[in-house]
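*Asks:* Okay, here's the structure, questions in a sec.
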Amino acid sequence: MGFDVPFLWFTQPLGATPSPWRHFKVDGVMVNAYELVGNSKILERIVDRGGIHKYIGFDGPIAMDSGGYRFLKKGMLDVDAEEILDIYEKCKPNYGVVLDFPISPGIDKSLIEKRMYITIMNTKKMVLNKKTSNPDLIPVIHGYDYDLIGKYIEGLSKLGDFKIYGIGSLVPLVYTIKGSGSIGGIYRAVEIVQFVKSIFPERIIHVFGVGSIITMHLMFFAGADSIDSSSWRSKASYGAIQLPGVGDRYITRKRRHKKYPTLKRRERRILDSCECPACREFGLEGLRKSFKLRALHNAWIYQREIETDPTIFLETIWPIMRSIIGITP
Ligand SMILES: [Zn+2]
């Protein structure tokens with residue numbers, strides 16, 4: 001199943017609510033195989049229903065992540081790539097992410113290379129053992145310098161040509177502008193995305209885990225085609241909602257959270273004109289009381305951001321980013 005870019009995957013735990021796609025059209029959904037390892041009950045149920053699409057009630061593109069970072073115990077992956085592949089072939093998502101071994105700025109180069117070796121070996125195992133056409137595999141590249149990324153790409157090129165290439169381990173970089181020590185912050189993340197896109201200009205580049213509104217636009221302008229977001233849910237659980245072009249606003253009274261400013265009068269008007277199913281039916285008071293309604297509202301705003309004419313960002317957000325980052329789209 002192909003798709004138009006830019007593209008947004010809504011990350012959703014299996015069995016969690018709300019399911020935005022039951023209320024309005026969304027680009028795609030990303031679920032995680034992590035929840036199915038050692039959980040034969042749910043896996044059987046998915047197989048009985050004929051696959052993950054029927055199970056979650058969504059007929060658009062579904063990607064399944066391997067949850068590599070969640071399997072990390074004492075610095076080692078404690079799950080087998082073939083087990084993840086077996087889950088993919090039973091669940092039949094459109095895309096399956098290889099079992100990858102993420103890195104972080106604090107670890108030394110020899111360990112980073114070792115993790116690269118394991119990730120590429122896992123990719124090879126999954127490519128060679130795949131018996132069905134579903135899913136297409138998404139390899140993932142992890143590296144903070146061109147040398148390492150070059151090695152990754154060389155390793156992957158021996159395994160075939162992929163429709164989508166993923167870039168992982170960028171989340172720790174996007175919290176700061178310049179980063180610390182030898183590893184840059186957002187600057188470096190942007191450079192890495194630009195570099196990978198320049199090598200695969202005709203392929204879809206997916207950046208994992210950077211799906212807040214601002215980082216999402218930043219990654220698209222750096223050359224990413226596809227991103228995933230769980231923050232439509234996490235912000236809602238903090239009692240925050242997203243407003244178009246404004247950022248996060250804290251709206252619940254009980255759980256005051258320092259991170260999010262409260263709603264101003266002008267913003268209240270923006271919210272009053274929101275056409276999402278949650279706002280239309282229940283308004284601000286509904287959103288204040290209900291996680292589900294806030295999550296639905298946030299998902300709606302995220303999906304609208306993706307569909308908005310990108311020239312709006314060229315005129316608004318982009319000049320700010322350009323002044324900070326110093327790159328042009
Ligand atoms: Zn709304």
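Chain labels run A, B, ... following the order of the structure tokens; each chain numbers its residues from 1, and ligands are numbered from 1 in the order shown.
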Quick one: everything within 8 Å of A:Leu43, counting only C-alpha atoms, minus sequence neighbours fewer than 3 positions away in the same chain. Send it as a PDB file with all heavy atoms, in the first residue's frame.
*Replies:*
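Contents of around_17.pdb, as written:
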```
ATOM      1  N   LEU A  36       2.956  -7.801  21.656  1.00  0.00           N
ATOM      2  CA  LEU A  36       2.497  -9.134  21.248  1.00  0.00           C
ATOM      3  C   LEU A  36       3.500 -10.239  21.562  1.00  0.00           C
ATOM      4  O   LEU A  36       3.170 -11.415  21.478  1.00  0.00           O
ATOM      5  CB  LEU A  36       2.189  -9.132  19.744  1.00  0.00           C
ATOM      6  CG  LEU A  36       1.050  -8.200  19.349  1.00  0.00           C
ATOM      7  CD1 LEU A  36       0.946  -8.080  17.852  1.00  0.00           C
ATOM      8  CD2 LEU A  36      -0.265  -8.699  19.937  1.00  0.00           C
ATOM      9  N   ASN A  39       2.536 -12.737  24.221  1.00  0.00           N
ATOM     10  CA  ASN A  39       1.105 -12.521  24.482  1.00  0.00           C
ATOM     11  C   ASN A  39       0.295 -13.214  23.396  1.00  0.00           C
ATOM     12  O   ASN A  39      -0.281 -12.578  22.518  1.00  0.00           O
ATOM     13  CB  ASN A  39       0.807 -11.013  24.515  1.00  0.00           C
ATOM     14  CG  ASN A  39      -0.546 -10.721  25.119  1.00  0.00           C
ATOM     15  OD1 ASN A  39      -1.411 -11.596  25.188  1.00  0.00           O
ATOM     16  ND2 ASN A  39      -0.748  -9.485  25.558  1.00  0.00           N
ATOM     17  N   SER A  40       0.285 -14.541  23.465  1.00  0.00           N
ATOM     18  CA  SER A  40      -0.327 -15.316  22.379  1.00  0.00           C
ATOM     19  C   SER A  40      -1.832 -15.092  22.284  1.00  0.00           C
ATOM     20  O   SER A  40      -2.423 -15.248  21.225  1.00  0.00           O
ATOM     21  CB  SER A  40      -0.019 -16.793  22.556  1.00  0.00           C
ATOM     22  OG  SER A  40      -0.418 -17.193  23.846  1.00  0.00           O
ATOM     23  N   ILE A  46      -5.935 -11.505  16.841  1.00  0.00           N
ATOM     24  CA  ILE A  46      -5.650 -10.743  15.612  1.00  0.00           C
ATOM     25  C   ILE A  46      -5.685 -11.691  14.402  1.00  0.00           C
ATOM     26  O   ILE A  46      -6.287 -11.371  13.370  1.00  0.00           O
ATOM     27  CB  ILE A  46      -4.281 -10.033  15.713  1.00  0.00           C
ATOM     28  CG1 ILE A  46      -4.322  -8.954  16.797  1.00  0.00           C
ATOM     29  CG2 ILE A  46      -3.891  -9.407  14.368  1.00  0.00           C
ATOM     30  CD1 ILE A  46      -2.977  -8.304  17.122  1.00  0.00           C
ATOM     31  N   VAL A  47      -5.082 -12.865  14.553  1.00  0.00           N
ATOM     32  CA  VAL A  47      -5.069 -13.845  13.455  1.00  0.00           C
ATOM     33  C   VAL A  47      -6.502 -14.297  13.142  1.00  0.00           C
ATOM     34  O   VAL A  47      -6.907 -14.369  11.978  1.00  0.00           O
ATOM     35  CB  VAL A  47      -4.170 -15.051  13.820  1.00  0.00           C
ATOM     36  CG1 VAL A  47      -4.274 -16.152  12.764  1.00  0.00           C
ATOM     37  CG2 VAL A  47      -2.717 -14.594  13.960  1.00  0.00           C
ATOM     38  N   ILE A  87       5.523 -12.458  14.040  1.00  0.00           N
ATOM     39  CA  ILE A  87       4.380 -11.634  14.466  1.00  0.00           C
ATOM     40  C   ILE A  87       3.883 -10.787  13.290  1.00  0.00           C
ATOM     41  O   ILE A  87       2.685 -10.690  13.026  1.00  0.00           O
ATOM     42  CB  ILE A  87       4.769 -10.750  15.676  1.00  0.00           C
ATOM     43  CG1 ILE A  87       4.959 -11.619  16.912  1.00  0.00           C
ATOM     44  CG2 ILE A  87       3.734  -9.662  15.925  1.00  0.00           C
ATOM     45  CD1 ILE A  87       5.498 -10.878  18.130  1.00  0.00           C
ATOM     46  N   LYS A  90       1.996 -12.836  10.752  1.00  0.00           N
ATOM     47  CA  LYS A  90       0.672 -13.242  11.241  1.00  0.00           C
ATOM     48  C   LYS A  90      -0.305 -12.066  11.253  1.00  0.00           C
ATOM     49  O   LYS A  90      -1.477 -12.217  10.976  1.00  0.00           O
ATOM     50  CB  LYS A  90       0.797 -13.833  12.648  1.00  0.00           C
ATOM     51  CG  LYS A  90       1.328 -15.257  12.626  1.00  0.00           C
ATOM     52  CD  LYS A  90       1.498 -15.785  14.032  1.00  0.00           C
ATOM     53  CE  LYS A  90       1.911 -17.259  13.959  1.00  0.00           C
ATOM     54  NZ  LYS A  90       2.654 -17.659  15.175  1.00  0.00           N
ATOM     55  N   CYS A  91       0.197 -10.882  11.607  1.00  0.00           N
ATOM     56  CA  CYS A  91      -0.690  -9.709  11.754  1.00  0.00           C
ATOM     57  C   CYS A  91      -0.922  -8.972  10.439  1.00  0.00           C
ATOM     58  O   CYS A  91      -1.908  -8.244  10.304  1.00  0.00           O
ATOM     59  CB  CYS A  91      -0.116  -8.725  12.773  1.00  0.00           C
ATOM     60  SG  CYS A  91      -0.024  -9.389  14.439  1.00  0.00           S
TER      61      CYS A  91
END
```
*Asks:* Kindly work out which residues sit at most 6 Å from ligand 1, using only C-alpha atoms and all ligand atoms, and give the list as an NGL selection string.
*Replies:* :A and (274-276 or 278-279 or 297)
*Asks:* Just write the chosen residues, C-alpha atoms, as a PDB file, in the first residue's frame.
*Replies:*
```pdb
ATOM      1  CA  CYS A 274     -12.595  23.858  15.975  1.00  0.00           C
ATOM      2  CA  GLU A 275     -14.559  21.461  13.819  1.00  0.00           C
ATOM      3  CA  CYS A 276     -13.341  18.219  15.348  1.00  0.00           C
ATOM      4  CA  ALA A 278     -15.015  16.316  20.202  1.00  0.00           C
ATOM      5  CA  CYS A 279     -15.280  20.129  20.124  1.00  0.00           C
ATOM      6  CA  HIS A 297      -9.119  16.811  19.383  1.00  0.00           C
TER       7      HIS A 297
END
```
*Asks:* Please provide the set of residues having any atom within 10 Å of stretch 284-292 of chain A, restricted to only C-alpha atoms, with same-chain residues fewer than 5 positions apart removed, written as a PDB file with C-alpha atoms, in the first residue's frame.
*Replies:*
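Written file, selection17.pdb:
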```pdb
ATOM      1  CA  THR A  17      -8.971   4.232  23.102  1.00  0.00           C
ATOM      2  CA  PRO A  18      -9.886   6.527  21.495  1.00  0.00           C
ATOM      3  CA  SER A  19      -9.368   5.338  17.926  1.00  0.00           C
ATOM      4  CA  PRO A  20      -9.380   8.587  15.908  1.00  0.00           C
ATOM      5  CA  ARG A 233      -2.177  10.957  23.364  1.00  0.00           C
ATOM      6  CA  SER A 234       0.586  11.939  25.798  1.00  0.00           C
ATOM      7  CA  LYS A 235      -0.314  15.642  25.710  1.00  0.00           C
ATOM      8  CA  ALA A 236      -3.955  14.741  26.307  1.00  0.00           C
ATOM      9  CA  SER A 237      -2.990  12.674  29.329  1.00  0.00           C
ATOM     10  CA  TYR A 238      -1.191  15.725  30.778  1.00  0.00           C
ATOM     11  CA  GLY A 239      -4.402  17.672  30.334  1.00  0.00           C
ATOM     12  CA  ALA A 240      -3.070  19.610  27.356  1.00  0.00           C
ATOM     13  CA  ILE A 241      -4.566  20.293  23.965  1.00  0.00           C
ATOM     14  CA  TYR A 250      -3.149  23.310  29.409  1.00  0.00           C
ATOM     15  CA  ILE A 251      -6.904  23.164  29.950  1.00  0.00           C
ATOM     16  CA  THR A 252      -7.709  20.889  32.878  1.00  0.00           C
ATOM     17  CA  ARG A 253      -7.963  22.480  36.299  1.00  0.00           C
ATOM     18  CA  LYS A 254      -7.072  19.694  38.677  1.00  0.00           C
ATOM     19  CA  ARG A 268     -10.443  30.243  23.272  1.00  0.00           C
ATOM     20  CA  LEU A 271     -10.870  26.454  19.989  1.00  0.00           C
ATOM     21  CA  ASP A 272     -14.533  27.479  19.721  1.00  0.00           C
ATOM     22  CA  ALA A 278     -15.015  16.316  20.202  1.00  0.00           C
ATOM     23  CA  CYS A 279     -15.280  20.129  20.124  1.00  0.00           C
ATOM     24  CA  HIS A 297      -9.119  16.811  19.383  1.00  0.00           C
ATOM     25  CA  ASN A 298      -5.304  16.601  19.319  1.00  0.00           C
TER      26      ASN A 298
END
```
*Asks:* Check the smallest atom-to-atom distance from each of A:Ile138, A:Ile199, A:Ile42, A:Val174 to A:Tyr187 using only C-alpha atoms, then report the winner.
*Replies:*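 The closest residue to A:Tyr187 is A:Val174.
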*Asks:* So which residues touch A:Ile84 within 12 Å, counting only C-alpha atoms, skipping near sequence neighbours fewer than 2 positions away, as a ChimeraX atom specification?
*Replies:* /A:32-38,43,64-68,71,78-82,86-92,96-100,122-123,125-126,129-130,135,137
*Asks:* Which residue is closest to A:Ser133? Choose from A:Ser212, A:Ile120, A:Asp48, A:Tyr95 and count only C-alpha atoms.
*Replies:*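 So, comparing all the options, the nearest one is A:Tyr95.
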*Asks:* I need the helix (DSSP H, G or I) residues of stretch 146-316 of chain A per DSSP on the backbone, written as number ranges by chain.
*Replies:* A: 146-157, 171-173, 186-199, 213-222, 231-237, 265-272, 277-289, 291-307, 310-315
*Asks:* Fewer than 5 positions away in the same chain doesn't count, so skip those; otherwise give me all residues within 10 Å of A:Leu148, counting only C-alpha atoms, as an NGL selection string.
*Replies:* :A and (109 or 112-113 or 116 or 141-143 or 153-154)
*Asks:* So which one's closest to A:Ile149, A:Phe7, A:Asn134, A:Gly283, A:Phe195? Using only C-alpha atoms, please.
*Replies:*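 Residue with the minimum atom-to-atom distance to A:Ile149: A:Phe195.
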*Asks:* So how far away is atom CA of A:Asp225 from atom CA of A:Phe200, in Å?
*Replies:*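 Separating atom CA of A:Phe200 from atom CA of A:Asp225 is a distance of 11.4 Å.
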*Asks:* May I have all residues of stretch 123-189 of chain A that DSSP, computed from the backbone, assigns to strand (DSSP E), given as a list in words?
*Replies:*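 Answer for stretch 123-189 of chain A, restricted to strand (DSSP E): Asp136, Leu137, Ile138, Val140, Ile141, Ile164, Tyr165, Gly166 and Ile167 of chain A.
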*Asks:* Residues at most 9 Å from A:Lys163, counting only C-alpha atoms, excluding those fewer than 6 positions away in the same chain, as an MDAnalysis selection string?
*Replies:* chainID A and resid 136:138 202:205
*Asks:* Calculated over only C-alpha atoms, which of the candidates A:Val140, A:Met76, A:Met30, A:Val207 has the smallest distance to A:Leu170?
*Replies:*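 Of the candidates, the smallest distance to A:Leu170 is held by A:Val207.
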*Asks:* May I ask for the distance between atom CA of A:Met219 and atom CA of A:Val193, given in Å to one decimal place?
*Replies:*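 Between atom CA of A:Met219 and atom CA of A:Val193 the gap works out to 7.3 Å.
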*Asks:* Restricting the calculation to only C-alpha atoms, which member of A:Ile270, A:Val171, A:Ile192, A:Leu159 is positioned closest to A:Lys124?
*Replies:*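 Closest candidate: A:Leu159.
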*Asks:* Give me the residues within 8 Å of A:Arg115 as a ChimeraX atom specification, counting only C-alpha atoms and dropping any in the same chain fewer than 6 places off.
*Replies:* /A:101-103
